[in-house]
$ cat run_8.pdb   # PDB, C-alpha atoms
ATOM      1  CA  MET A 270     -65.525 -74.192  62.071
ATOM      2  CA  THR A 271     -62.982 -76.507  60.469
ATOM      3  CA  SER A 272     -64.284 -80.059  60.175
ATOM      4  CA  THR A 273     -62.439 -82.870  61.944
ATOM      5  CA  LEU A 274     -62.557 -86.657  62.149
ATOM      6  CA  PHE A 275     -61.297 -86.563  65.720
ATOM      7  CA  ASP A 276     -63.698 -88.183  68.219
ATOM      8  CA  VAL A 277     -64.111 -86.646  71.670
ATOM      9  CA  PRO A 278     -65.919 -88.023  74.737
ATOM     10  CA  LEU A 279     -69.439 -86.849  75.519
ATOM     11  CA  LEU A 280     -69.253 -83.565  77.454
ATOM     12  CA  ALA A 281     -71.746 -83.697  80.333
ATOM     13  CA  ASP A 282     -73.162 -80.475  81.775
ATOM     14  CA  ASP A 283     -71.404 -81.139  85.083
ATOM     15  CA  GLU A 284     -67.972 -81.693  83.552
ATOM     16  CA  ILE A 285     -64.966 -79.734  82.364
ATOM     17  CA  HIS A 286     -62.765 -81.453  79.785
ATOM     18  CA  VAL A 287     -59.077 -80.523  79.670
ATOM     19  CA  TRP A 288     -56.818 -81.731  76.864
ATOM     20  CA  GLN A 289     -53.041 -81.840  77.129
ATOM     21  CA  THR A 290     -51.134 -81.529  73.886
ATOM     22  CA  ARG A 291     -47.849 -80.329  72.444
ATOM     23  CA  TRP A 292     -47.348 -76.731  71.376
ATOM     24  CA  SER A 293     -45.478 -75.864  68.214
ATOM     25  CA  SER A 294     -45.281 -72.414  66.689
ATOM     26  CA  GLY A 295     -45.531 -74.139  63.323
ATOM     27  CA  SER A 296     -48.985 -75.576  64.016
ATOM     28  CA  GLY A 297     -50.121 -72.559  66.044
ATOM     29  CA  GLU A 298     -53.707 -72.797  67.316
ATOM     30  CA  LEU A 299     -54.667 -75.591  64.917
ATOM     31  CA  PRO A 300     -54.802 -78.306  67.634
ATOM     32  CA  PHE A 301     -57.154 -76.138  69.705
ATOM     33  CA  VAL A 302     -59.391 -75.381  66.731
ATOM     34  CA  SER A 303     -59.508 -79.065  65.814
ATOM     35  CA  LEU A 304     -60.578 -80.026  69.328
ATOM     36  CA  LEU A 305     -63.169 -77.257  69.428
ATOM     37  CA  ALA A 306     -64.629 -78.355  66.100
ATOM     38  CA  ALA A 307     -64.962 -81.898  67.434
ATOM     39  CA  TYR A 308     -67.059 -80.648  70.361
ATOM     40  CA  ALA A 309     -69.000 -77.913  68.588
ATOM     41  CA  GLY A 310     -69.707 -79.580  65.259
ATOM     42  CA  THR A 311     -69.259 -78.173  61.786
ATOM     43  CA  GLU A 312     -72.362 -75.936  62.045
ATOM     44  CA  ALA A 313     -70.837 -73.768  64.770
ATOM     45  CA  PRO A 314     -69.863 -70.226  63.712
ATOM     46  CA  ALA A 315     -66.380 -68.791  63.434
ATOM     47  CA  ILE A 316     -64.582 -67.946  66.673
ATOM     48  CA  GLU A 317     -64.903 -64.350  67.857
ATOM     49  CA  ARG A 318     -62.335 -62.456  69.903
ATOM     50  CA  GLY A 319     -63.299 -60.337  72.895
ATOM     51  CA  GLU A 320     -61.933 -56.881  73.632
ATOM     52  CA  HIS A 321     -58.827 -58.385  75.234
ATOM     53  CA  GLY A 322     -58.437 -61.260  72.773
ATOM     54  CA  LYS A 323     -60.374 -64.032  74.535
ATOM     55  CA  PRO A 324     -61.695 -66.599  72.008
ATOM     56  CA  ARG A 325     -65.448 -67.257  72.202
ATOM     57  CA  PHE A 326     -68.572 -68.154  70.265
ATOM     58  CA  PRO A 327     -71.337 -65.598  69.657
ATOM     59  CA  ALA A 328     -74.823 -66.241  71.065
ATOM     60  CA  PRO A 329     -76.639 -68.618  70.953
ATOM     61  CA  PHE A 330     -73.554 -70.851  70.651
ATOM     62  CA  ASP A 331     -71.950 -69.291  73.733
ATOM     63  CA  ARG A 332     -73.249 -72.058  76.018
ATOM     64  CA  LEU A 333     -69.983 -73.752  75.056
ATOM     65  CA  GLY A 334     -67.151 -72.056  76.912
ATOM     66  CA  PHE A 335     -63.540 -72.786  75.990
ATOM     67  CA  ASN A 336     -60.026 -71.512  76.485
ATOM     68  CA  TRP A 337     -56.437 -72.511  75.819
ATOM     69  CA  SER A 338     -52.927 -71.801  77.048
ATOM     70  CA  HIS A 339     -49.371 -72.821  76.227
ATOM     71  CA  SER A 340     -45.943 -72.539  77.804
ATOM     72  CA  GLY A 341     -42.799 -73.879  76.199
ATOM     73  CA  ASP A 342     -43.778 -76.991  74.262
ATOM     74  CA  ARG A 343     -46.803 -77.817  76.439
ATOM     75  CA  ALA A 344     -50.381 -76.704  75.833
ATOM     76  CA  LEU A 345     -53.819 -77.118  77.407
ATOM     77  CA  PHE A 346     -57.308 -76.805  75.930
ATOM     78  CA  ALA A 347     -60.309 -76.614  78.287
ATOM     79  CA  ILE A 348     -64.013 -76.742  77.440
ATOM     80  CA  GLY A 349     -67.316 -76.868  79.308
ATOM     81  CA  ARG A 350     -71.034 -76.304  78.748
ATOM     82  CA  GLY A 351     -73.274 -73.981  80.760
ATOM     83  CA  GLY A 352     -75.689 -71.097  80.424
ATOM     84  CA  GLY A 353     -75.253 -68.388  77.810
ATOM     85  CA  GLY A 354     -71.843 -66.770  78.145
ATOM     86  CA  PHE A 355     -70.400 -69.629  80.213
ATOM     87  CA  GLU A 356     -67.037 -68.431  81.560
ATOM     88  CA  LEU A 357     -64.012 -70.739  81.619
ATOM     89  CA  GLY A 358     -60.260 -70.153  81.624
ATOM     90  CA  VAL A 359     -57.083 -72.234  81.760
ATOM     91  CA  ASP A 360     -53.421 -71.393  82.289
ATOM     92  CA  ILE A 361     -50.173 -73.359  82.229
ATOM     93  CA  GLU A 362     -46.711 -72.139  83.212
ATOM     94  CA  ARG A 363     -43.411 -73.966  82.840
ATOM     95  CA  VAL A 364     -41.411 -74.370  86.039
ATOM     96  CA  ARG A 365     -38.162 -72.471  85.602
ATOM     97  CA  PRO A 366     -36.042 -70.338  87.967
ATOM     98  CA  ARG A 367     -37.617 -66.966  88.676
ATOM     99  CA  ALA A 368     -35.186 -64.992  90.800
ATOM    100  CA  ARG A 369     -37.643 -62.088  91.066
ATOM    101  CA  ALA A 370     -40.726 -64.138  92.036
ATOM    102  CA  LEU A 371     -41.165 -62.453  95.431
ATOM    103  CA  GLU A 372     -40.476 -59.051  93.912
ATOM    104  CA  LEU A 373     -43.141 -59.654  91.272
ATOM    105  CA  ALA A 374     -45.585 -60.852  93.928
ATOM    106  CA  ALA A 375     -44.994 -57.722  96.026
ATOM    107  CA  ARG A 376     -45.663 -55.581  92.964
ATOM    108  CA  PHE A 377     -48.643 -57.356  91.429
ATOM    109  CA  PHE A 378     -50.283 -59.649  94.027
ATOM    110  CA  ALA A 379     -52.490 -58.829  97.001
ATOM    111  CA  PRO A 380     -50.481 -58.036 100.180
ATOM    112  CA  ASP A 381     -51.706 -61.160 102.022
ATOM    113  CA  GLU A 382     -50.576 -63.339  99.120
ATOM    114  CA  THR A 383     -47.086 -61.873  99.218
ATOM    115  CA  SER A 384     -46.934 -62.523 102.968
ATOM    116  CA  MET A 385     -47.988 -66.142 102.388
ATOM    117  CA  LEU A 386     -45.204 -66.635  99.857
ATOM    118  CA  GLU A 387     -42.586 -65.024 102.103
ATOM    119  CA  ALA A 388     -43.619 -67.385 104.921
ATOM    120  CA  LEU A 389     -42.996 -70.476 102.798
ATOM    121  CA  PRO A 390     -39.658 -72.316 102.869
ATOM    122  CA  VAL A 391     -37.378 -70.946 100.163
ATOM    123  CA  GLU A 392     -37.613 -74.195  98.191
ATOM    124  CA  GLY A 393     -41.423 -73.907  98.095
ATOM    125  CA  GLN A 394     -41.747 -70.262  97.109
ATOM    126  CA  LEU A 395     -41.520 -70.766  93.348
ATOM    127  CA  GLN A 396     -44.188 -73.473  93.383
ATOM    128  CA  GLY A 397     -46.421 -71.250  95.535
ATOM    129  CA  PHE A 398     -45.889 -68.290  93.228
ATOM    130  CA  LEU A 399     -46.830 -70.369  90.171
ATOM    131  CA  ARG A 400     -49.903 -71.810  91.925
ATOM    132  CA  LEU A 401     -51.133 -68.283  92.581
ATOM    133  CA  TRP A 402     -50.171 -67.014  89.142
ATOM    134  CA  THR A 403     -51.922 -69.791  87.201
ATOM    135  CA  ALA A 404     -55.052 -69.555  89.378
ATOM    136  CA  LYS A 405     -55.233 -65.798  88.829
ATOM    137  CA  GLU A 406     -54.591 -66.082  85.094
ATOM    138  CA  ALA A 407     -57.230 -68.787  84.700
ATOM    139  CA  VAL A 408     -59.877 -66.624  86.402
ATOM    140  CA  LEU A 409     -58.916 -63.443  84.541
ATOM    141  CA  LYS A 410     -58.891 -65.287  81.208
ATOM    142  CA  ALA A 411     -62.316 -66.760  81.959
ATOM    143  CA  ASN A 412     -63.666 -63.302  82.726
ATOM    144  CA  GLY A 413     -62.170 -61.952  79.519
ATOM    145  CA  GLY A 414     -60.286 -59.007  81.005
ATOM    146  CA  GLY A 415     -56.891 -60.675  81.145
ATOM    147  CA  LEU A 416     -54.012 -59.186  83.109
ATOM    148  CA  SER A 417     -55.333 -55.666  82.522
ATOM    149  CA  TYR A 418     -58.054 -56.364  85.104
ATOM    150  CA  GLY A 419     -55.410 -56.514  87.832
ATOM    151  CA  LEU A 420     -53.806 -59.571  89.397
ATOM    152  CA  GLU A 421     -54.204 -58.075  92.873
ATOM    153  CA  ARG A 422     -57.992 -57.878  92.447
ATOM    154  CA  VAL A 423     -58.379 -61.665  92.560
ATOM    155  CA  ALA A 424     -56.896 -62.878  95.848
ATOM    156  CA  PHE A 425     -56.293 -66.489  96.847
ATOM    157  CA  GLU A 426     -55.177 -68.536  99.814
ATOM    158  CA  LEU A 427     -52.596 -71.288  99.438
ATOM    159  CA  GLY A 428     -53.127 -74.680 100.998
ATOM    160  CA  ASN A 429     -52.940 -78.410 100.199
ATOM    161  CA  GLY A 430     -51.265 -77.779  96.846
ATOM    162  CA  ALA A 431     -54.085 -75.559  95.590
ATOM    163  CA  ALA A 432     -55.076 -71.902  95.482
ATOM    164  CA  THR A 433     -58.523 -71.171  96.948
ATOM    165  CA  PRO A 434     -60.444 -67.983  95.988
ATOM    166  CA  VAL A 435     -60.939 -65.654  98.974
ATOM    167  CA  ALA A 436     -61.629 -62.095  97.729
ATOM    168  CA  PHE A 437     -62.453 -60.936  94.186
ATOM    169  CA  GLN A 438     -63.021 -57.234  93.531
ATOM    170  CA  GLY A 439     -65.286 -55.554  90.990
ATOM    171  CA  GLU A 440     -67.413 -57.232  88.324
ATOM    172  CA  ILE A 441     -65.482 -60.476  88.622
ATOM    173  CA  GLY A 442     -66.694 -61.067  92.187
ATOM    174  CA  PRO A 443     -67.722 -62.606  94.426
ATOM    175  CA  ALA A 444     -64.945 -65.149  94.951
ATOM    176  CA  SER A 445     -67.528 -67.688  96.151
ATOM    177  CA  ALA A 446     -69.015 -67.801  92.635
ATOM    178  CA  TRP A 447     -65.818 -69.305  91.201
ATOM    179  CA  ARG A 448     -64.263 -72.754  91.130
ATOM    180  CA  VAL A 449     -60.507 -73.039  90.567
ATOM    181  CA  GLU A 450     -58.871 -76.442  90.224
ATOM    182  CA  PRO A 451     -55.138 -77.235  89.965
ATOM    183  CA  LEU A 452     -54.220 -79.544  87.097
ATOM    184  CA  ASP A 453     -51.579 -82.236  87.157
ATOM    185  CA  ALA A 454     -49.242 -81.093  84.384
ATOM    186  CA  GLY A 455     -46.234 -83.083  85.546
ATOM    187  CA  ALA A 456     -43.146 -81.862  87.372
ATOM    188  CA  GLU A 457     -42.202 -79.460  84.578
ATOM    189  CA  CYS A 458     -45.363 -77.319  84.645
ATOM    190  CA  VAL A 459     -47.999 -75.829  86.943
ATOM    191  CA  ALA A 460     -51.533 -75.357  85.642
ATOM    192  CA  ALA A 461     -55.064 -74.431  86.708
ATOM    193  CA  VAL A 462     -58.558 -74.276  85.241
ATOM    194  CA  ALA A 463     -61.275 -71.901  86.474
ATOM    195  CA  TRP A 464     -64.962 -71.379  85.816
ATOM    196  CA  ARG A 465     -67.865 -69.427  87.262
ATOM    197  CA  GLY A 466     -70.544 -71.727  88.643
ATOM    198  CA  SER A 467     -71.059 -74.887  90.666
ATOM    199  CA  GLU A 468     -68.660 -77.767  91.255
ATOM    200  CA  ARG A 469     -67.888 -79.948  88.245
ATOM    201  CA  LYS A 470     -65.824 -83.017  87.520
ATOM    202  CA  VAL A 471     -62.607 -82.179  85.675
ATOM    203  CA  ARG A 472     -61.577 -84.876  83.205
ATOM    204  CA  VAL A 473     -58.106 -84.720  81.636
ATOM    205  CA  PHE A 474     -57.202 -86.260  78.278
ATOM    206  CA  THR A 475     -54.208 -86.303  75.941
ATOM    207  CA  TYR A 476     -54.382 -85.120  72.340
ATOM    208  CA  ALA A 477     -51.439 -86.577  70.406
ATOM    209  CA  LEU A 478     -50.488 -84.609  67.308
TER     210      LEU A 478
END
$ encode --input "run_8.pdb" --output "structure tokens"
Amino acid sequence: MTSTLFDVPLLADDEIHVWQTRWSSGSGELPFVSLLAAYAGTEAPAIERGEHGKPRFPAPFDRLGFNWSHSGDRALFAIGRGGGGFELGVDIERVRPRARALELAARFFAPDETSMLEALPVEGQLQGFLRLWTAKEAVLKANGGGLSYGLERVAFELGNGAATPVAFQGEIGPASAWRVEPLDAGAECVAAVAWRGSERKVRVFTYAL
């Protein structure tokens, strides 16, 4: 790991830390690596990549789960501590017009999710679509399979500004084993963090480059 002088708060076992930062193609993943080094220490090994590109630590350092995401000039880094192979994922999407949102939902989401979106007022459909999309992405990234696992295989219910897991198919299930929390990313973005395990406190910080 790259050493860093950056100080981070103590990460308790019942917490998830999420860092908001700027994304620049020039700096690439450097902000994420710097944050990870601050939590993991300089003795941690190099980051591995899973079959579908998910960054992770090899055992026995895999008690520290982490993930990152960026959209436009905004980025998020999430980290938590659990048992070996702790699974955590985060996703952020910029709010922009998506004329084909319902068409994409009908093609890639579970049928009940598409019906939920169609029942929303027109002005709320984009926000609902992005809530579902970021929740699904966060779970699939945590599991390591990414979009290839199938967006329709992790189904959610919309309510109170959040997406609640209801039915997960295959190895990723059951839905009750997962926690998915919406993140306040401002009016310009929608974001979510997901992990397998019990309830935790999500703490959000800002990393200024």
$ residues_around --input "run_8.pdb" --residues "stretch 448-454 of chain A" --least-positions-apart "5" --cutoff "9 Å" --atoms "all atoms listed in the file" --output "list of chain:residue names"
A:Val287, A:Gln289, A:Arg343, A:Ile361, A:Arg400, A:Thr403, A:Ala404, A:Ala407, A:Val408, A:Gly430, A:Ala431, A:Ala432, A:Thr433, A:Pro434, A:Val459, A:Ala460, A:Ala461, A:Val462, A:Ala463, A:Trp464, A:Arg465, A:Gly466, A:Ser467, A:Glu468, A:Arg469, A:Val471, A:Val473
$ write_last_selection --input "run_8.pdb" --atoms "C-alpha atoms" --output "PDB file, keeping the file's coordinate frame"
ATOM      1  CA  VAL A 287     -59.077 -80.523  79.670  1.00  0.00           C
ATOM      2  CA  GLN A 289     -53.041 -81.840  77.129  1.00  0.00           C
ATOM      3  CA  ARG A 343     -46.803 -77.817  76.439  1.00  0.00           C
ATOM      4  CA  ILE A 361     -50.173 -73.359  82.229  1.00  0.00           C
ATOM      5  CA  ARG A 400     -49.903 -71.810  91.925  1.00  0.00           C
ATOM      6  CA  THR A 403     -51.922 -69.791  87.201  1.00  0.00           C
ATOM      7  CA  ALA A 404     -55.052 -69.555  89.378  1.00  0.00           C
ATOM      8  CA  ALA A 407     -57.230 -68.787  84.700  1.00  0.00           C
ATOM      9  CA  VAL A 408     -59.877 -66.624  86.402  1.00  0.00           C
ATOM     10  CA  GLY A 430     -51.265 -77.779  96.846  1.00  0.00           C
ATOM     11  CA  ALA A 431     -54.085 -75.559  95.590  1.00  0.00           C
ATOM     12  CA  ALA A 432     -55.076 -71.902  95.482  1.00  0.00           C
ATOM     13  CA  THR A 433     -58.523 -71.171  96.948  1.00  0.00           C
ATOM     14  CA  PRO A 434     -60.444 -67.983  95.988  1.00  0.00           C
ATOM     15  CA  VAL A 459     -47.999 -75.829  86.943  1.00  0.00           C
ATOM     16  CA  ALA A 460     -51.533 -75.357  85.642  1.00  0.00           C
ATOM     17  CA  ALA A 461     -55.064 -74.431  86.708  1.00  0.00           C
ATOM     18  CA  VAL A 462     -58.558 -74.276  85.241  1.00  0.00           C
ATOM     19  CA  ALA A 463     -61.275 -71.901  86.474  1.00  0.00           C
ATOM     20  CA  TRP A 464     -64.962 -71.379  85.816  1.00  0.00           C
ATOM     21  CA  ARG A 465     -67.865 -69.427  87.262  1.00  0.00           C
ATOM     22  CA  GLY A 466     -70.544 -71.727  88.643  1.00  0.00           C
ATOM     23  CA  SER A 467     -71.059 -74.887  90.666  1.00  0.00           C
ATOM     24  CA  GLU A 468     -68.660 -77.767  91.255  1.00  0.00           C
ATOM     25  CA  ARG A 469     -67.888 -79.948  88.245  1.00  0.00           C
ATOM     26  CA  VAL A 471     -62.607 -82.179  85.675  1.00  0.00           C
ATOM     27  CA  VAL A 473     -58.106 -84.720  81.636  1.00  0.00           C
TER      28      VAL A 473
END
$ resolve_selection --input "run_8.pdb" --expression "the PyMOL selection byres ((chain A and resi 332) around 8)" --output "compact mmCIF listing (two decimals) with C-alpha atoms, in the coordinates of the input"
# COMPACT_ATOMS: atom_id res chain seq x y z
CA ALA A 328 -74.82 -66.24 71.06
CA PRO A 329 -76.64 -68.62 70.95
CA PHE A 330 -73.55 -70.85 70.65
CA ASP A 331 -71.95 -69.29 73.73
CA LEU A 333 -69.98 -73.75 75.06
CA GLY A 334 -67.15 -72.06 76.91
CA ARG A 350 -71.03 -76.30 78.75
CA GLY A 351 -73.27 -73.98 80.76
CA GLY A 352 -75.69 -71.10 80.42
CA GLY A 353 -75.25 -68.39 77.81
CA GLY A 354 -71.84 -66.77 78.14
CA PHE A 355 -70.40 -69.63 80.21
$ atom_distance --input "run_8.pdb" --atom1 "atom CA of A:Ala347" --atom2 "atom CA of A:Gln438"
24.8 Å
$ residues_around --input "run_8.pdb" --residues "A:Ala444" --least-positions-apart "6" --cutoff "9 Å" --atoms "all atoms listed in the file" --output "number ranges by chain"
A: 423-425, 434-438
$ atom_distance --input "run_8.pdb" --atom1 "atom CA of A:Arg367" --atom2 "atom CA of A:Pro380"
19.4 Å
$ closest_residue --input "run_8.pdb" --among "A:Glu320, A:Glu392, A:Asp381, A:Glu387" --to "A:Glu421" --atoms "all atoms listed in the file"
A:Asp381
$ atom_distance --input "run_8.pdb" --atom1 "atom CA of A:Ala456" --atom2 "atom CA of A:Gly297"
24.3 Å
$ residues_around --input "run_8.pdb" --residues "A:Thr475" --least-positions-apart "3" --cutoff "12 Å" --atoms "all atoms listed in the file" --output "ChimeraX atom specification"
/A:277-278,286-291,300,304,343-347,454,472,478
$ residues_near_point --input "run_8.pdb" --point "(-42.4, -72.0, 94.4)" --cutoff "10 Å" --atoms "only C-alpha atoms" --output "list in words"
Val364, Arg365, Pro366, Arg367, Ala370, Leu371, Leu386, Leu389, Pro390, Val391, Glu392, Gly393, Gln394, Leu395, Gln396, Gly397, Phe398, Leu399, Arg400 and Leu401 of chain A
$ axis_aligned_box --input "run_8.pdb" --around "stretch 276-288 of chain A" --padding-each-side "6 Å" --output "JSON"
{"center_x": -65.0, "center_y": -84.0, "center_z": 76.7, "size_x": 28.3, "size_y": 20.4, "size_z": 28.9}
